[in-house]
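**Q** For reference, the structure I am asking about is given below.
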Amino acid sequence: MHPAAWAYYSAGAGDEVTLRRERDAFEKLLLVPRVLRGVDHADTSASVLGAPIRAPIMVAPTGVQGLAHPEGECATARGAGEAGTLMAVSTVSSRRLEDVAAAATGPLWFQLYVYEGARPFAETLVRRAERAGYGAIVLTVDAPRWGRKERFLRVEDELPPGASAVSIEEELGEEAREPAALTPEDVAWLRSSTGLPIVLKGILHPEDAALAVEHGVEGVVVSTHGGRQLDGVPASVEALPAVVEAVAGRAEVYMDGGIRRGTDVLKALALGARAVFVGRPVLWGLAADGAAGVGRVLEMLREELELAMILAGLPDLESVGPDLARKG
Ligand code: FNR
């Protein structure tokens, strides 16, 4: 991978305190298995907003995947489909959202950034996503400005070709754009503008989760944006239990950040997540071997989850409960 692309993908914001914490928090959580249950196989199948998936492990929206592979998001969509799971496609994609949909063999959600002064453009994207068959809109709410990714800023090289975000540039021109500072009215606008389910991504505070539910969203993603926005926030998995409590079953709760093993997935489920998203590992798989690399990364995580479930005495996801995980 080009050094500038690597820096862009791997970076967190500021001193990367949160980025490190995303891993530390998982390592500090411990699993408490049950034995004598006769569990010799486990069923990892799950569903999210009614879409069946082979395991509760989905592809997080990450921008400009043309930096990892010439086929970009089209290859990722095929890899996710081969692994029997769902991909969230970023607004900042290197391939047109219609082209990703045409390449996809599994369900897709569309991740929406609303840009400053460009609500009509957001509306256009939502219409295009609806027409192309996307199953939900994931509104990212943790980016009123882009976080400062200093590891990337220190690299003096320009990003290589492939860095274009085709949908934005076609409609808004090539100059760098800042996202908009959203309010509850924006969520209400989106709610009234589409019949698709809405998922808010980037929630850490339980009161924001409650607010989201009061605005009629179907899901929330507990996320620190992979440690790329406000540095110094707790890891997503630390913020998860309070959000699950606040949502109280009124919407689906997902999380992302730091998932690198099947045991991490199991810990997140034990703390109440319905499913998780994976960001960077998918990009590494994409860079290594295109669609096959993405499929392999997702299948490795699924196999690890399956083994962890068997070793913990859990035949299916319904048997995962809060007594499975405890703080170390
Ligand atoms: C992201 N993320 C992100 N989120 C989003 O809503 N829209 C986007 O366009 C992007 N772009 C993006 C690019 C890159 C290179 C990274 C690493 C991340 C955040 C992403 O969806 C997710 O929250 C994190 O990546 C999860 O953390 P892990 O799995 O990378 O540790």
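Here, A, B, ... name the chains of the structure tokens in the order displayed, residue numbers run from 1 inside each chain, and ligands are numbered from 1 in the same displayed order.
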Using only C-alpha atoms, determine which residues lie at most 12 Å from A:Trp146, disregarding the query and same-chain residues fewer than 3 positions distant; provide the list as JSON, numbers by chain.

**A** {"A": [12, 13, 14, 113, 115, 140, 141, 142, 143, 149, 150, 176, 177, 178, 179, 180, 181, 225, 227, 228, 229, 230, 231]}

**Q** Could you find all residues in stretch 133-239 of chain A that DSSP calls strand (DSSP E or B) from the backbone, and write them as a ChimeraX atom specification?

**A** /A:137-140,179,198-203,219-222

**Q** Could you please take those selected residues and save C-alpha atoms as an mmCIF file, in the first residue's frame?

**A**
data_model
loop_
_atom_site.group_PDB
_atom_site.id
_atom_site.type_symbol
_atom_site.label_atom_id
_atom_site.label_comp_id
_atom_site.auth_asym_id
_atom_site.auth_seq_id
_atom_site.Cartn_x
_atom_site.Cartn_y
_atom_site.Cartn_z
ATOM 1 C CA ILE A 137 -29.468 4.860 5.649
ATOM 2 C CA VAL A 138 -26.660 5.101 8.209
ATOM 3 C CA LEU A 139 -26.410 8.766 9.211
ATOM 4 C CA THR A 140 -22.996 9.485 10.722
ATOM 5 C CA PRO A 179 -19.459 18.035 6.964
ATOM 6 C CA ILE A 198 -32.375 4.878 9.692
ATOM 7 C CA VAL A 199 -29.321 4.029 11.775
ATOM 8 C CA LEU A 200 -27.394 6.766 13.626
ATOM 9 C CA LYS A 201 -23.654 6.091 13.747
ATOM 10 C CA GLY A 202 -21.267 7.631 16.238
ATOM 11 C CA ILE A 203 -23.272 7.559 19.479
ATOM 12 C CA GLY A 219 -30.689 1.444 14.969
ATOM 13 C CA VAL A 220 -27.663 3.109 16.540
ATOM 14 C CA VAL A 221 -23.973 2.360 16.173
ATOM 15 C CA VAL A 222 -21.879 2.938 19.281
#

**Q** Could you please extract the residues within 8 Å of ligand 1, counting only C-alpha atoms and all ligand atoms, and hand them back as a JSON list (two decimals) with N, CA and C atoms, in the first residue's frame?

**A**
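Output contents, as saved in pocket-v3.json:
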[["chain", "number", "residue", "atom", "x", "y", "z"],
["A", 8, "TYR", "N", -3.26, 7.22, 6.13],
["A", 8, "TYR", "CA", -4.65, 7.67, 6.18],
["A", 8, "TYR", "C", -5.55, 6.60, 6.81],
["A", 9, "TYR", "N", -5.36, 5.35, 6.41],
["A", 9, "TYR", "CA", -6.20, 4.26, 6.91],
["A", 9, "TYR", "C", -5.93, 3.95, 8.39],
["A", 10, "SER", "N", -4.65, 3.91, 8.75],
["A", 10, "SER", "CA", -4.33, 3.43, 10.09],
["A", 10, "SER", "C", -4.48, 4.52, 11.16],
["A", 11, "ALA", "N", -4.45, 5.79, 10.76],
["A", 11, "ALA", "CA", -4.40, 6.89, 11.72],
["A", 11, "ALA", "C", -5.62, 6.96, 12.62],
["A", 12, "GLY", "N", -5.36, 7.44, 13.86],
["A", 12, "GLY", "CA", -6.43, 7.92, 14.72],
["A", 12, "GLY", "C", -6.24, 9.43, 14.86],
["A", 19, "LEU", "N", -7.76, 5.47, 19.95],
["A", 19, "LEU", "CA", -7.44, 4.36, 19.04],
["A", 19, "LEU", "C", -6.81, 3.20, 19.82],
["A", 22, "GLU", "N", -9.34, 1.40, 22.13],
["A", 22, "GLU", "CA", -10.27, 0.47, 21.48],
["A", 22, "GLU", "C", -9.76, -0.97, 21.60],
["A", 60, "ALA", "N", -17.93, -2.10, 8.06],
["A", 60, "ALA", "CA", -18.14, -0.69, 8.42],
["A", 60, "ALA", "C", -17.94, 0.19, 7.18],
["A", 61, "PRO", "N", -18.61, 1.34, 7.16],
["A", 61, "PRO", "CA", -18.37, 2.27, 6.05],
["A", 61, "PRO", "C", -16.99, 2.91, 6.20],
["A", 62, "THR", "N", -16.14, 2.71, 5.22],
["A", 62, "THR", "CA", -14.85, 3.41, 5.21],
["A", 62, "THR", "C", -14.65, 4.03, 3.83],
["A", 63, "GLY", "N", -14.09, 5.24, 3.84],
["A", 63, "GLY", "CA", -14.04, 6.03, 2.61],
["A", 63, "GLY", "C", -12.93, 5.60, 1.66],
["A", 64, "VAL", "N", -13.02, 6.12, 0.46],
["A", 64, "VAL", "CA", -12.01, 5.99, -0.60],
["A", 64, "VAL", "C", -11.25, 4.66, -0.64],
["A", 89, "VAL", "N", -21.84, 1.21, 2.76],
["A", 89, "VAL", "CA", -21.04, 1.92, 1.75],
["A", 89, "VAL", "C", -20.98, 3.40, 2.12],
["A", 90, "SER", "N", -19.76, 3.94, 2.15],
["A", 90, "SER", "CA", -19.54, 5.33, 2.57],
["A", 90, "SER", "C", -19.99, 6.33, 1.51],
["A", 91, "THR", "N", -20.44, 7.51, 1.95],
["A", 91, "THR", "CA", -20.68, 8.64, 1.04],
["A", 91, "THR", "C", -19.41, 8.95, 0.25],
["A", 92, "VAL", "N", -18.24, 8.75, 0.91],
["A", 92, "VAL", "CA", -16.97, 9.14, 0.30],
["A", 92, "VAL", "C", -16.37, 7.95, -0.46],
["A", 93, "SER", "N", -17.20, 7.25, -1.23],
["A", 93, "SER", "CA", -16.71, 6.04, -1.89],
["A", 93, "SER", "C", -15.97, 6.39, -3.19],
["A", 111, "GLN", "N", -24.16, 4.77, 3.95],
["A", 111, "GLN", "CA", -23.73, 5.72, 5.00],
["A", 111, "GLN", "C", -23.77, 7.13, 4.45],
["A", 112, "LEU", "N", -24.48, 8.01, 5.16],
["A", 112, "LEU", "CA", -24.69, 9.37, 4.69],
["A", 112, "LEU", "C", -23.91, 10.39, 5.53],
["A", 113, "TYR", "N", -23.10, 11.20, 4.83],
["A", 113, "TYR", "CA", -22.59, 12.44, 5.43],
["A", 113, "TYR", "C", -23.41, 13.57, 4.84],
["A", 138, "VAL", "N", -27.46, 4.96, 6.98],
["A", 138, "VAL", "CA", -26.66, 5.10, 8.21],
["A", 138, "VAL", "C", -26.17, 6.55, 8.26],
["A", 139, "LEU", "N", -26.80, 7.35, 9.12],
["A", 139, "LEU", "CA", -26.41, 8.77, 9.21],
["A", 139, "LEU", "C", -25.29, 8.91, 10.25],
["A", 140, "THR", "N", -24.13, 9.33, 9.80],
["A", 140, "THR", "CA", -23.00, 9.49, 10.72],
["A", 140, "THR", "C", -23.10, 10.84, 11.41],
["A", 201, "LYS", "N", -24.98, 6.63, 13.45],
["A", 201, "LYS", "CA", -23.65, 6.09, 13.75],
["A", 201, "LYS", "C", -22.78, 7.14, 14.41],
["A", 202, "GLY", "N", -22.18, 6.72, 15.54],
["A", 202, "GLY", "CA", -21.27, 7.63, 16.24],
["A", 202, "GLY", "C", -21.83, 8.10, 17.56],
["A", 223, "SER", "N", -19.89, 4.11, 18.49],
["A", 223, "SER", "CA", -18.66, 4.18, 17.70],
["A", 223, "SER", "C", -17.86, 5.40, 18.07],
["A", 224, "THR", "N", -16.53, 5.26, 18.04],
["A", 224, "THR", "CA", -15.63, 6.41, 18.15],
["A", 224, "THR", "C", -15.08, 6.76, 16.77],
["A", 225, "HIS", "N", -15.70, 6.20, 15.73],
["A", 225, "HIS", "CA", -15.23, 6.43, 14.36],
["A", 225, "HIS", "C", -13.81, 5.84, 14.20],
["A", 226, "GLY", "N", -13.58, 4.73, 14.90],
["A", 226, "GLY", "CA", -12.24, 4.13, 14.85],
["A", 226, "GLY", "C", -11.17, 5.04, 15.46],
["A", 227, "GLY", "N", -11.56, 5.82, 16.51],
["A", 227, "GLY", "CA", -10.59, 6.72, 17.15],
["A", 227, "GLY", "C", -10.17, 7.88, 16.27],
["A", 228, "ARG", "N", -11.01, 8.24, 15.28],
["A", 228, "ARG", "CA", -10.60, 9.25, 14.30],
["A", 228, "ARG", "C", -11.26, 10.60, 14.48],
["A", 256, "ASP", "N", -18.83, -0.56, 16.77],
["A", 256, "ASP", "CA", -17.60, -0.84, 16.03],
["A", 256, "ASP", "C", -16.43, -0.19, 16.73],
["A", 257, "GLY", "N", -15.21, -0.64, 16.35],
["A", 257, "GLY", "CA", -13.99, -0.10, 16.93],
["A", 257, "GLY", "C", -13.19, -1.19, 17.61],
["A", 258, "GLY", "N", -12.06, -1.55, 17.01],
["A", 258, "GLY", "CA", -11.13, -2.46, 17.67],
["A", 258, "GLY", "C", -11.46, -3.94, 17.56],
["A", 259, "ILE", "N", -12.46, -4.30, 16.79],
["A", 259, "ILE", "CA", -12.79, -5.73, 16.62],
["A", 259, "ILE", "C", -11.70, -6.37, 15.75],
["A", 260, "ARG", "N", -10.92, -7.27, 16.34],
["A", 260, "ARG", "CA", -9.85, -7.92, 15.59],
["A", 260, "ARG", "C", -9.87, -9.45, 15.71],
["A", 277, "PHE", "N", -19.54, -3.97, 13.52],
["A", 277, "PHE", "CA", -18.95, -3.60, 12.24],
["A", 277, "PHE", "C", -17.42, -3.68, 12.35],
["A", 278, "VAL", "N", -16.79, -3.98, 11.24],
["A", 278, "VAL", "CA", -15.33, -4.04, 11.20],
["A", 278, "VAL", "C", -14.83, -3.07, 10.13],
["A", 279, "GLY", "N", -13.90, -2.19, 10.49],
["A", 279, "GLY", "CA", -13.38, -1.19, 9.56],
["A", 279, "GLY", "C", -12.04, -1.58, 8.95],
["A", 280, "ARG", "N", -10.96, -1.29, 9.65],
["A", 280, "ARG", "CA", -9.63, -1.44, 9.06],
["A", 280, "ARG", "C", -9.29, -2.85, 8.60],
["A", 281, "PRO", "N", -9.63, -3.90, 9.37],
["A", 281, "PRO", "CA", -9.24, -5.25, 8.89],
["A", 281, "PRO", "C", -9.78, -5.55, 7.49],
["A", 283, "LEU", "N", -10.16, -3.33, 5.15],
["A", 283, "LEU", "CA", -9.29, -2.59, 4.21],
["A", 283, "LEU", "C", -7.99, -3.34, 3.97]]

**Q** Can you tell me, as number ranges by chain, what residues are no more than 12 Å from A:Leu36 when counting only C-alpha atoms, ignoring any on the same chain fewer than 5 positions away?

**A** A: 310-314

**Q** Tell me which of A:Glu214, A:Asp323, A:Glu174, A:Asp316 sits closest to A:Ala46, counting only C-alpha atoms.

**A** A:Asp316

**Q** Using only C-alpha atoms, find the one residue out of A:Thr18, A:Thr263, A:Ser47, A:Ser167 that sits nearest to A:Asp99.

**A** A:Ser167

**Q** Do you know which residues are at most 12 Å from A:Glu299 counting only C-alpha atoms, after dropping those on the same chain fewer than 5 positions away, and could you put them as a list in words?

**A** Thr44, Arg54, Ala55, Pro56, Ile57, Met58, Gly79, Ala80, Gly81, Glu82, Ala83, Gly84, Thr85, Arg261, Gly262, Pro281, Val282, Gly285, Ala292, Gly293, Val294, Glu304, Leu305 and Glu306 of chain A

**Q** Restricting it to C-alpha atoms, dump the selection as a PDB file, in the first residue's frame.

**A**
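As written to disk, result32.pdb reads:
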ATOM      1  CA  THR A  44     -23.459 -17.844  14.242  1.00  0.00           C
ATOM      2  CA  ARG A  54     -24.177 -15.521   8.371  1.00  0.00           C
ATOM      3  CA  ALA A  55     -22.559 -13.935  11.415  1.00  0.00           C
ATOM      4  CA  PRO A  56     -23.137 -10.700  13.362  1.00  0.00           C
ATOM      5  CA  ILE A  57     -20.047  -9.186  11.743  1.00  0.00           C
ATOM      6  CA  MET A  58     -20.641  -6.470   9.133  1.00  0.00           C
ATOM      7  CA  GLY A  79     -16.217 -10.085  -0.604  1.00  0.00           C
ATOM      8  CA  ALA A  80     -18.911  -9.215   1.945  1.00  0.00           C
ATOM      9  CA  GLY A  81     -21.499 -11.074  -0.137  1.00  0.00           C
ATOM     10  CA  GLU A  82     -19.290 -14.148  -0.374  1.00  0.00           C
ATOM     11  CA  ALA A  83     -18.965 -14.102   3.413  1.00  0.00           C
ATOM     12  CA  GLY A  84     -22.758 -13.859   3.707  1.00  0.00           C
ATOM     13  CA  THR A  85     -22.806 -10.474   5.341  1.00  0.00           C
ATOM     14  CA  ARG A 261     -10.821 -11.420  16.825  1.00  0.00           C
ATOM     15  CA  GLY A 262     -13.910 -13.558  17.092  1.00  0.00           C
ATOM     16  CA  PRO A 281      -9.244  -5.247   8.893  1.00  0.00           C
ATOM     17  CA  VAL A 282     -11.513  -5.228   5.833  1.00  0.00           C
ATOM     18  CA  GLY A 285      -7.953  -7.755   3.276  1.00  0.00           C
ATOM     19  CA  ALA A 292     -11.191 -12.666  -1.911  1.00  0.00           C
ATOM     20  CA  GLY A 293      -9.140 -10.873   0.760  1.00  0.00           C
ATOM     21  CA  VAL A 294     -12.234  -9.174   2.160  1.00  0.00           C
ATOM     22  CA  GLU A 304     -13.133 -17.529  15.350  1.00  0.00           C
ATOM     23  CA  LEU A 305     -16.533 -16.469  16.700  1.00  0.00           C
ATOM     24  CA  GLU A 306     -17.904 -19.971  16.080  1.00  0.00           C
TER      25      GLU A 306
END

**Q** Go through A:Asp264, A:Glu73, A:Asp157, A:Asp40 and flag the residue nearest A:Phe26, using only C-alpha atoms for the distances.

**A**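 For A:Phe26, the nearest of the candidates is A:Asp264.
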
**Q** From the list A:Gly133, A:Pro70, A:Pro241, A:Pro184, which residue is nearest A:Ala212 when using only C-alpha atoms?

**A**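 Under the stated criterion, the closest residue is A:Pro184.
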
**Q** Which residue out of A:Gln65, A:Leu286, A:Asp15, A:Leu324 has the minimum interatomic distance to A:Arg151 when only C-alpha atoms are used?

**A** A:Asp15

**Q** Please identify all polymer residues within 9 Å of A:Leu266, counting only C-alpha atoms, omitting same-chain residues fewer than 6 positions from it, and present them as a list in words.

**A**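 After dropping sequence-adjacent residues, the list is Leu31, Leu305, Ala308, Met309, Val320, Leu324 and Ala325 of chain A.
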
**Q** DSSP on the backbone, alpha helix (DSSP H) only: what residues of stretch 9-118 of chain A does that give? Format it as a ChimeraX atom specification.

**A** /A:9-10,17-28,72-82,97-103

**Q** Save the residues we just selected, N, CA and C atoms, as an mmCIF file, in the first residue's frame?

**A**
data_model
loop_
_atom_site.group_PDB
_atom_site.id
_atom_site.type_symbol
_atom_site.label_atom_id
_atom_site.label_comp_id
_atom_site.auth_asym_id
_atom_site.auth_seq_id
_atom_site.Cartn_x
_atom_site.Cartn_y
_atom_site.Cartn_z
ATOM 1 N N TYR A 9 -5.363 5.353 6.407
ATOM 2 C CA TYR A 9 -6.202 4.260 6.909
ATOM 3 C C TYR A 9 -5.930 3.951 8.388
ATOM 4 N N SER A 10 -4.655 3.915 8.747
ATOM 5 C CA SER A 10 -4.331 3.426 10.095
ATOM 6 C C SER A 10 -4.476 4.519 11.158
ATOM 7 N N VAL A 17 -5.051 8.256 21.630
ATOM 8 C CA VAL A 17 -5.384 7.663 22.937
ATOM 9 C C VAL A 17 -6.594 6.735 22.784
ATOM 10 N N THR A 18 -7.625 7.239 22.108
ATOM 11 C CA THR A 18 -8.829 6.422 21.920
ATOM 12 C C THR A 18 -8.553 5.238 21.007
ATOM 13 N N LEU A 19 -7.762 5.466 19.949
ATOM 14 C CA LEU A 19 -7.442 4.364 19.040
ATOM 15 C C LEU A 19 -6.808 3.196 19.820
ATOM 16 N N ARG A 20 -5.846 3.499 20.695
ATOM 17 C CA ARG A 20 -5.214 2.417 21.486
ATOM 18 C C ARG A 20 -6.218 1.789 22.456
ATOM 19 N N ARG A 21 -7.054 2.669 23.021
ATOM 20 C CA ARG A 21 -8.012 2.196 24.021
ATOM 21 C C ARG A 21 -9.034 1.220 23.432
ATOM 22 N N GLU A 22 -9.343 1.396 22.132
ATOM 23 C CA GLU A 22 -10.272 0.470 21.483
ATOM 24 C C GLU A 22 -9.763 -0.972 21.598
ATOM 25 N N ARG A 23 -8.447 -1.145 21.515
ATOM 26 C CA ARG A 23 -7.871 -2.496 21.666
ATOM 27 C C ARG A 23 -7.752 -2.870 23.150
ATOM 28 N N ASP A 24 -7.206 -1.933 23.949
ATOM 29 C CA ASP A 24 -6.985 -2.228 25.378
ATOM 30 C C ASP A 24 -8.280 -2.673 26.046
ATOM 31 N N ALA A 25 -9.371 -1.992 25.703
ATOM 32 C CA ALA A 25 -10.642 -2.285 26.382
ATOM 33 C C ALA A 25 -11.071 -3.726 26.109
ATOM 34 N N PHE A 26 -10.890 -4.190 24.872
ATOM 35 C CA PHE A 26 -11.243 -5.586 24.576
ATOM 36 C C PHE A 26 -10.336 -6.541 25.330
ATOM 37 N N GLU A 27 -9.042 -6.204 25.411
ATOM 38 C CA GLU A 27 -8.125 -7.129 26.082
ATOM 39 C C GLU A 27 -8.400 -7.205 27.584
ATOM 40 N N LYS A 28 -8.941 -6.122 28.141
ATOM 41 C CA LYS A 28 -9.227 -6.132 29.583
ATOM 42 C C LYS A 28 -10.530 -6.851 29.910
ATOM 43 N N GLY A 72 -11.839 -1.051 -5.585
ATOM 44 C CA GLY A 72 -12.427 -0.339 -4.451
ATOM 45 C C GLY A 72 -13.644 -1.030 -3.862
ATOM 46 N N GLU A 73 -14.695 -0.212 -3.624
ATOM 47 C CA GLU A 73 -15.896 -0.693 -2.934
ATOM 48 C C GLU A 73 -16.586 -1.834 -3.676
ATOM 49 N N CYS A 74 -16.413 -1.919 -5.012
ATOM 50 C CA CYS A 74 -17.072 -3.014 -5.744
ATOM 51 C C CYS A 74 -16.501 -4.360 -5.297
ATOM 52 N N ALA A 75 -15.188 -4.408 -5.082
ATOM 53 C CA ALA A 75 -14.557 -5.643 -4.608
ATOM 54 C C ALA A 75 -14.994 -5.944 -3.174
ATOM 55 N N THR A 76 -15.058 -4.917 -2.345
ATOM 56 C CA THR A 76 -15.476 -5.125 -0.945
ATOM 57 C C THR A 76 -16.890 -5.691 -0.885
ATOM 58 N N ALA A 77 -17.764 -5.150 -1.741
ATOM 59 C CA ALA A 77 -19.159 -5.619 -1.737
ATOM 60 C C ALA A 77 -19.227 -7.099 -2.132
ATOM 61 N N ARG A 78 -18.419 -7.495 -3.101
ATOM 62 C CA ARG A 78 -18.420 -8.916 -3.490
ATOM 63 C C ARG A 78 -17.869 -9.794 -2.363
ATOM 64 N N GLY A 79 -16.801 -9.327 -1.714
ATOM 65 C CA GLY A 79 -16.217 -10.085 -0.604
ATOM 66 C C GLY A 79 -17.196 -10.239 0.547
ATOM 67 N N ALA A 80 -17.925 -9.158 0.859
ATOM 68 C CA ALA A 80 -18.911 -9.215 1.945
ATOM 69 C C ALA A 80 -20.016 -10.198 1.576
ATOM 70 N N GLY A 81 -20.452 -10.159 0.315
ATOM 71 C CA GLY A 81 -21.499 -11.074 -0.137
ATOM 72 C C GLY A 81 -21.056 -12.524 -0.047
ATOM 73 N N GLU A 82 -19.812 -12.774 -0.458
ATOM 74 C CA GLU A 82 -19.290 -14.148 -0.374
ATOM 75 C C GLU A 82 -19.268 -14.636 1.072
ATOM 76 N N LEU A 97 -22.268 4.736 -5.975
ATOM 77 C CA LEU A 97 -23.083 3.836 -5.148
ATOM 78 C C LEU A 97 -23.903 2.875 -6.012
ATOM 79 N N GLU A 98 -24.281 3.300 -7.227
ATOM 80 C CA GLU A 98 -25.028 2.405 -8.132
ATOM 81 C C GLU A 98 -24.124 1.270 -8.614
ATOM 82 N N ASP A 99 -22.845 1.582 -8.871
ATOM 83 C CA ASP A 99 -21.914 0.555 -9.350
ATOM 84 C C ASP A 99 -21.624 -0.462 -8.242
ATOM 85 N N VAL A 100 -21.538 0.016 -7.004
ATOM 86 C CA VAL A 100 -21.319 -0.901 -5.881
ATOM 87 C C VAL A 100 -22.526 -1.834 -5.753
ATOM 88 N N ALA A 101 -23.726 -1.250 -5.893
ATOM 89 C CA ALA A 101 -24.945 -2.072 -5.794
ATOM 90 C C ALA A 101 -24.971 -3.127 -6.903
ATOM 91 N N ALA A 102 -24.528 -2.744 -8.103
ATOM 92 C CA ALA A 102 -24.545 -3.698 -9.224
ATOM 93 C C ALA A 102 -23.545 -4.830 -8.990
ATOM 94 N N ALA A 103 -22.451 -4.547 -8.300
ATOM 95 C CA ALA A 103 -21.430 -5.564 -8.045
ATOM 96 C C ALA A 103 -21.788 -6.443 -6.843
#

**Q** Which polymer residues have any atom within 10 Å of an atom of A:Ser193, counting only C-alpha atoms, with same-chain residues fewer than 6 positions away left out, as a short mmCIF file (atom, residue, chain, number, x, y, z; two decimals) with N, CA and C atoms, in the first residue's frame?

**A**
data_model
loop_
_atom_site.label_atom_id
_atom_site.label_comp_id
_atom_site.auth_asym_id
_atom_site.auth_seq_id
_atom_site.Cartn_x
_atom_site.Cartn_y
_atom_site.Cartn_z
N GLU A 123 -30.15 14.82 0.04
CA GLU A 123 -31.44 14.30 -0.43
C GLU A 123 -31.26 13.50 -1.73
N VAL A 126 -29.77 10.13 -0.93
CA VAL A 126 -30.77 9.23 -0.34
C VAL A 126 -31.66 8.65 -1.44
N ARG A 127 -32.10 9.51 -2.38
CA ARG A 127 -32.95 9.01 -3.48
C ARG A 127 -32.19 7.97 -4.31
N VAL A 187 -32.28 14.87 11.87
CA VAL A 187 -32.75 13.49 11.96
C VAL A 187 -34.24 13.44 11.59
#

**Q** Between atom CA of A:Glu252 and atom CA of A:Arg131, what is the distance in Å, rounded to a tenth?

**A**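 According to the coordinates, atom CA of A:Glu252 and atom CA of A:Arg131 are separated by 24.4 Å.
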